[in-house]
$ cat model11.txt   # compact mmCIF, C-alpha atoms and all ligand atoms
# COMPACT_ATOMS: atom_id res chain seq x y z
CA MET A 1 23.04 -1.41 -30.95
CA LYS A 2 21.51 1.40 -28.93
CA ASN A 3 17.81 2.12 -29.09
CA GLU A 4 15.87 4.63 -27.06
CA MET A 5 12.32 5.77 -26.37
CA VAL A 6 10.75 8.54 -24.31
CA VAL A 7 7.18 8.74 -23.15
CA GLU A 8 5.42 11.37 -21.06
CA PHE A 9 1.90 11.16 -19.68
CA SER A 10 -0.50 12.78 -17.19
CA SER A 11 -0.25 11.80 -13.55
CA ARG A 12 -3.45 9.75 -13.63
CA SER A 13 -3.55 6.31 -12.10
CA GLU A 14 -5.16 4.97 -15.32
CA ASN A 15 -1.82 5.65 -17.03
CA GLU A 16 0.10 3.29 -14.75
CA SER A 17 -0.86 0.26 -16.87
CA PHE A 18 -0.17 2.22 -20.07
CA ALA A 19 3.36 2.95 -18.84
CA ARG A 20 4.07 -0.61 -17.80
CA VAL A 21 2.79 -2.11 -21.07
CA THR A 22 4.65 0.50 -23.16
CA VAL A 23 8.02 -0.25 -21.58
CA ALA A 24 7.36 -3.99 -21.81
CA ALA A 25 6.54 -3.63 -25.52
CA PHE A 26 9.74 -1.68 -26.14
CA ILE A 27 12.03 -4.21 -24.46
CA THR A 28 10.40 -7.15 -26.25
CA GLN A 29 12.97 -6.73 -29.06
CA LEU A 30 15.64 -7.95 -26.61
CA ASP A 31 13.81 -11.26 -26.36
CA PRO A 32 13.51 -11.16 -22.55
CA THR A 33 12.23 -14.09 -20.50
CA MET A 34 8.68 -13.94 -19.11
CA GLU A 35 10.21 -13.43 -15.69
CA GLU A 36 12.27 -10.46 -16.86
CA ILE A 37 9.21 -8.87 -18.49
CA THR A 38 7.23 -9.32 -15.29
CA GLU A 39 10.03 -7.78 -13.24
CA ILE A 40 10.38 -4.74 -15.50
CA LYS A 41 6.60 -4.23 -15.54
CA THR A 42 6.47 -4.41 -11.76
CA VAL A 43 9.31 -1.91 -11.43
CA VAL A 44 7.68 0.57 -13.83
CA SER A 45 4.39 0.14 -12.03
CA GLU A 46 5.91 0.83 -8.59
CA ALA A 47 7.90 3.85 -9.80
CA VAL A 48 5.02 5.42 -11.71
CA THR A 49 2.62 4.84 -8.83
CA ASN A 50 5.10 6.57 -6.52
CA ALA A 51 5.39 9.54 -8.89
CA ILE A 52 1.61 9.92 -9.03
CA ILE A 53 0.70 9.24 -5.41
CA HIS A 54 3.70 10.65 -3.56
CA GLY A 55 5.30 13.03 -6.05
CA TYR A 56 2.09 14.62 -7.25
CA ASN A 57 -0.16 13.78 -4.30
CA ASN A 58 -2.70 12.29 -6.73
CA GLU A 59 -3.19 15.54 -8.63
CA PRO A 60 -3.90 14.56 -12.25
CA ASP A 61 -2.53 17.59 -14.10
CA HIS A 62 1.19 16.92 -13.91
CA MET A 63 3.48 14.90 -16.15
CA VAL A 64 5.42 11.72 -15.51
CA TYR A 65 8.46 11.10 -17.76
CA ILE A 66 9.99 7.77 -18.72
CA LYS A 67 13.06 7.16 -20.85
CA CYS A 68 14.06 3.63 -21.72
CA THR A 69 17.40 2.92 -23.36
CA ILE A 70 18.44 -0.49 -24.54
CA ASN A 71 22.01 -1.25 -25.44
CA ASN A 72 22.56 -4.85 -26.44
CA GLY A 73 21.19 -6.72 -23.41
CA ASP A 74 21.27 -3.73 -21.06
CA ILE A 75 18.15 -1.85 -20.06
CA GLU A 76 18.37 1.62 -18.59
CA LEU A 77 15.27 3.30 -17.25
CA VAL A 78 14.81 6.89 -16.13
CA ILE A 79 11.51 7.59 -14.39
CA LYS A 80 10.95 11.14 -13.30
CA ASP A 81 8.44 13.49 -11.70
CA ASN A 82 8.67 17.18 -10.88
CA GLY A 83 6.68 16.79 -7.71
CA ALA A 84 7.15 16.92 -3.95
CA GLY A 85 10.55 15.25 -3.74
CA ILE A 86 11.87 13.13 -0.87
CA ASP A 87 13.36 14.64 2.30
CA ASP A 88 15.07 11.59 3.69
CA LEU A 89 16.11 9.11 1.01
CA ASP A 90 17.59 6.54 3.42
CA LYS A 91 14.35 6.39 5.34
CA ALA A 92 12.25 6.23 2.16
CA ARG A 93 14.27 3.23 0.97
CA GLU A 94 13.78 1.25 4.18
CA PRO A 95 11.57 -1.81 3.70
CA LEU A 96 8.04 -1.21 5.01
CA TYR A 97 8.51 2.55 5.38
CA THR A 98 5.63 4.55 3.95
CA SER A 99 4.69 8.18 4.46
CA LYS A 100 1.09 7.36 3.55
CA PRO A 101 -0.04 4.50 5.82
CA GLU A 102 -3.59 5.88 5.61
CA LEU A 103 -3.68 4.84 1.94
CA GLU A 104 -2.72 1.30 2.91
CA ARG A 105 0.59 1.55 1.11
CA SER A 106 2.90 -1.38 1.78
CA GLY A 107 6.13 0.59 1.93
CA MET A 108 7.75 -2.05 -0.27
CA GLY A 109 8.00 -0.16 -3.59
CA PHE A 110 11.68 0.77 -3.38
CA THR A 111 12.59 -2.65 -1.97
CA ILE A 112 10.86 -4.37 -4.90
CA ILE A 113 12.58 -2.04 -7.39
CA GLU A 114 15.97 -2.75 -5.79
CA ASN A 115 15.40 -6.49 -5.91
CA PHE A 116 14.38 -6.60 -9.55
CA MET A 117 17.01 -4.20 -10.93
CA ASP A 118 20.81 -4.42 -10.91
CA SER A 119 21.26 -0.83 -9.87
CA ILE A 120 19.10 1.99 -8.57
CA GLU A 121 20.07 5.61 -8.17
CA ILE A 122 17.62 8.11 -6.75
CA THR A 123 18.00 11.85 -7.14
CA SER A 124 15.47 13.88 -5.25
CA SER A 125 14.98 17.28 -3.77
CA PRO A 126 11.91 18.99 -2.35
CA SER A 127 11.94 21.68 -5.04
CA GLU A 128 12.73 19.57 -8.08
CA GLY A 129 10.98 16.25 -7.68
CA THR A 130 12.36 12.76 -8.00
CA THR A 131 14.35 10.93 -10.66
CA LEU A 132 15.07 7.21 -10.62
CA HIS A 133 17.94 5.84 -12.71
CA LEU A 134 17.60 2.09 -12.98
CA THR A 135 19.60 -0.51 -14.86
CA LYS A 136 19.16 -4.18 -15.55
CA GLN A 137 21.11 -6.58 -17.69
CA LEU A 138 19.07 -9.30 -19.30
CA SER A 139 20.20 -12.91 -19.12
CA LYS A 140 20.61 -13.26 -22.90
CA THR A 141 23.55 -10.94 -23.36
CA LYS A 142 25.38 -13.06 -25.89
CA THR A 143 23.03 -12.22 -28.72
CA VAL A 144 24.47 -9.70 -31.13
CA TYR A 145 22.05 -6.95 -32.16
CA ASN A 146 22.87 -4.75 -35.09
N1 LIG A 201 8.29 9.94 -6.55
C1 LIG A 201 8.23 10.19 -5.23
N2 LIG A 201 8.01 11.45 -4.77
C2 LIG A 201 7.95 11.72 -3.45
N3 LIG A 201 8.09 10.79 -2.47
C3 LIG A 201 8.32 9.51 -2.86
C4 LIG A 201 8.40 9.15 -4.25
N4 LIG A 201 8.63 7.82 -4.32
C5 LIG A 201 8.70 7.38 -3.05
N5 LIG A 201 8.52 8.39 -2.16
C6 LIG A 201 8.57 8.30 -0.68
O1 LIG A 201 9.21 7.07 -0.33
C7 LIG A 201 8.33 6.28 0.48
C8 LIG A 201 8.57 4.81 0.20
O2 LIG A 201 8.15 4.45 -1.11
P1 LIG A 201 7.71 2.96 -1.40
O3 LIG A 201 8.82 2.06 -0.93
O4 LIG A 201 7.29 2.84 -2.82
O5 LIG A 201 6.48 2.73 -0.42
P2 LIG A 201 4.94 3.20 -0.55
O6 LIG A 201 4.73 3.74 -1.93
O7 LIG A 201 4.15 1.98 -0.28
O8 LIG A 201 4.77 4.28 0.50
C9 LIG A 201 6.94 6.77 0.16
O9 LIG A 201 6.03 6.52 1.21
C10 LIG A 201 7.19 8.26 -0.05
O10 LIG A 201 7.27 8.95 1.19
MG MG A 202 5.37 2.86 -3.65

$ encode --input "model11.txt" --output "structure tokens" --more "lines below"
Ligand SMILES: Nc1ncnc2c1ncn2[C@@H]1O[C@H](COP(=O)(O)OP(=O)(O)O)[C@@H](O)[C@H]1O
Ligand SMILES: [Mg+2]
Amino acid sequence: MKNEMVVEFSSRSENESFARVTVAAFITQLDPTMEEITEIKTVVSEAVTNAIIHGYNNEPDHMVYIKCTINNGDIELVIKDNGAGIDDLDKAREPLYTSKPELERSGMGFTIIENFMDSIEITSSPSEGTTLHLTKQLSKTKTVYN
């Protein structure tokens, strides 16, 4: 069974916890483990924080978009901003690289996302913003949903 949700919200840091809890609530129907919920929440948190801080430079009047699709035990997440975009994706994905060291960023966001998800695809350009396509298969894939 396929099931999908879309949510869009202002680029305010207060909305980071809203986003993480919303996605966690949606995937609860797949009966994930506590660990899987924590991983998904962390991933959403990192991606949304990046959209707000880096994509939109902390300006609150833009929108962040999330689509979550579940298909049996598979989770697919699209997290998107229409902000600044990323010049050098390879560099951005390096562990510990941050373009904002003054904000005490750890530079570990993409590394964490990669570790917790099965696949990560980043599309980004300076004029269009950044889109993350992420997938993760939950451990309980034998359950039949209908
Ligand atoms: N949505 C985004 N828009 C623009 N730049 C981004 C975005 N996400 C990540 N980046 C760039 O990739 C770098 C690495 O991201 P990340 O690994 O999360 O580290 P951090 O957020 O701590 O800087 C950021 O410093 C930033 O330059
Ligand atoms: Mg980050």

$ residues_near_ligand --input "model11.txt" --ligand "ligand MG 202 (chain A)" --cutoff "7 Å" --atoms "all atoms listed in the file" --output "JSON, numbers by chain"
{"A": [46, 47, 49, 50, 105, 107, 108, 109, 110]}

$ atom_distance --input "model11.txt" --atom1 "atom CA of A:Val64" --atom2 "atom CA of A:Ala19"
9.6 Å

$ residues_near_ligand --input "model11.txt" --ligand "ligand LIG 201 (chain A)" --cutoff "7 Å" --atoms "all atoms listed in the file" --output "list in words"
Glu46, Ala47, Asn50, Ala51, His54, Gly55, Asp81, Gly83, Ala84, Gly85, Ile86, Ala92, Arg93, Pro95, Leu96, Tyr97, Thr98, Ser99, Lys100, Arg105, Ser106, Gly107, Met108, Gly109, Phe110, Thr111, Gly129 and Thr130 of chain A

$ write_last_selection --input "model11.txt" --atoms "C-alpha atoms" --output "compact mmCIF listing (two decimals), keeping the file's coordinate frame"
# COMPACT_ATOMS: atom_id res chain seq x y z
CA GLU A 46 5.91 0.83 -8.59
CA ALA A 47 7.90 3.85 -9.80
CA ASN A 50 5.10 6.57 -6.52
CA ALA A 51 5.39 9.54 -8.89
CA HIS A 54 3.70 10.65 -3.56
CA GLY A 55 5.30 13.03 -6.05
CA ASP A 81 8.44 13.49 -11.70
CA GLY A 83 6.68 16.79 -7.71
CA ALA A 84 7.15 16.92 -3.95
CA GLY A 85 10.55 15.25 -3.74
CA ILE A 86 11.87 13.13 -0.87
CA ALA A 92 12.25 6.23 2.16
CA ARG A 93 14.27 3.23 0.97
CA PRO A 95 11.57 -1.81 3.70
CA LEU A 96 8.04 -1.21 5.01
CA TYR A 97 8.51 2.55 5.38
CA THR A 98 5.63 4.55 3.95
CA SER A 99 4.69 8.18 4.46
CA LYS A 100 1.09 7.36 3.55
CA ARG A 105 0.59 1.55 1.11
CA SER A 106 2.90 -1.38 1.78
CA GLY A 107 6.13 0.59 1.93
CA MET A 108 7.75 -2.05 -0.27
CA GLY A 109 8.00 -0.16 -3.59
CA PHE A 110 11.68 0.77 -3.38
CA THR A 111 12.59 -2.65 -1.97
CA GLY A 129 10.98 16.25 -7.68
CA THR A 130 12.36 12.76 -8.00

$ closest_residue --input "model11.txt" --among "A:Asn115, A:Gly73, A:Ile52, A:Val7" --to "A:Thr33" --atoms "all atoms listed in the file"
A:Gly73

$ axis_aligned_box --input "model11.txt" --around "stretch 6-23 of chain A" --padding-each-side "3 Å" --output "JSON"
{"center_x": 2.8, "center_y": 5.3, "center_z": -18.2, "size_x": 21.9, "size_y": 20.9, "size_z": 18.2}

$ atom_distance --input "model11.txt" --atom1 "atom CA of A:Met34" --atom2 "atom CA of A:Val48"
21.0 Å

$ residues_around --input "model11.txt" --residues "stretch 20-23 of chain A" --least-positions-apart "3" --cutoff "8 Å" --atoms "all atoms listed in the file" --output "ChimeraX atom specification"
/A:16-17,26-27,40-42,44-45,68

$ atom_distance --input "model11.txt" --atom1 "atom CA of A:Ala24" --atom2 "atom CA of A:Asp74"
13.9 Å

$ residues_around --input "model11.txt" --residues "A:Leu132" --least-positions-apart "3" --cutoff "7 Å" --atoms "all atoms listed in the file" --output "list of chain:residue names"
A:Val78, A:Ile79, A:Lys80, A:Ile120, A:Glu121, A:Ile122, A:Thr123

$ write_last_selection --input "model11.txt" --atoms "C-alpha atoms" --output "PDB file, in the frame of the given file"
ATOM      1  CA  VAL A  78      14.810   6.890 -16.130  1.00  0.00           C
ATOM      2  CA  ILE A  79      11.510   7.590 -14.390  1.00  0.00           C
ATOM      3  CA  LYS A  80      10.950  11.140 -13.300  1.00  0.00           C
ATOM      4  CA  ILE A 120      19.100   1.990  -8.570  1.00  0.00           C
ATOM      5  CA  GLU A 121      20.070   5.610  -8.170  1.00  0.00           C
ATOM      6  CA  ILE A 122      17.620   8.110  -6.750  1.00  0.00           C
ATOM      7  CA  THR A 123      18.000  11.850  -7.140  1.00  0.00           C
TER       8      THR A 123
END

$ closest_residue --input "model11.txt" --among "A:Glu59, A:Glu114, A:Asp87, A:Glu35" --to "A:Leu138" --atoms "all atoms listed in the file"
A:Glu35
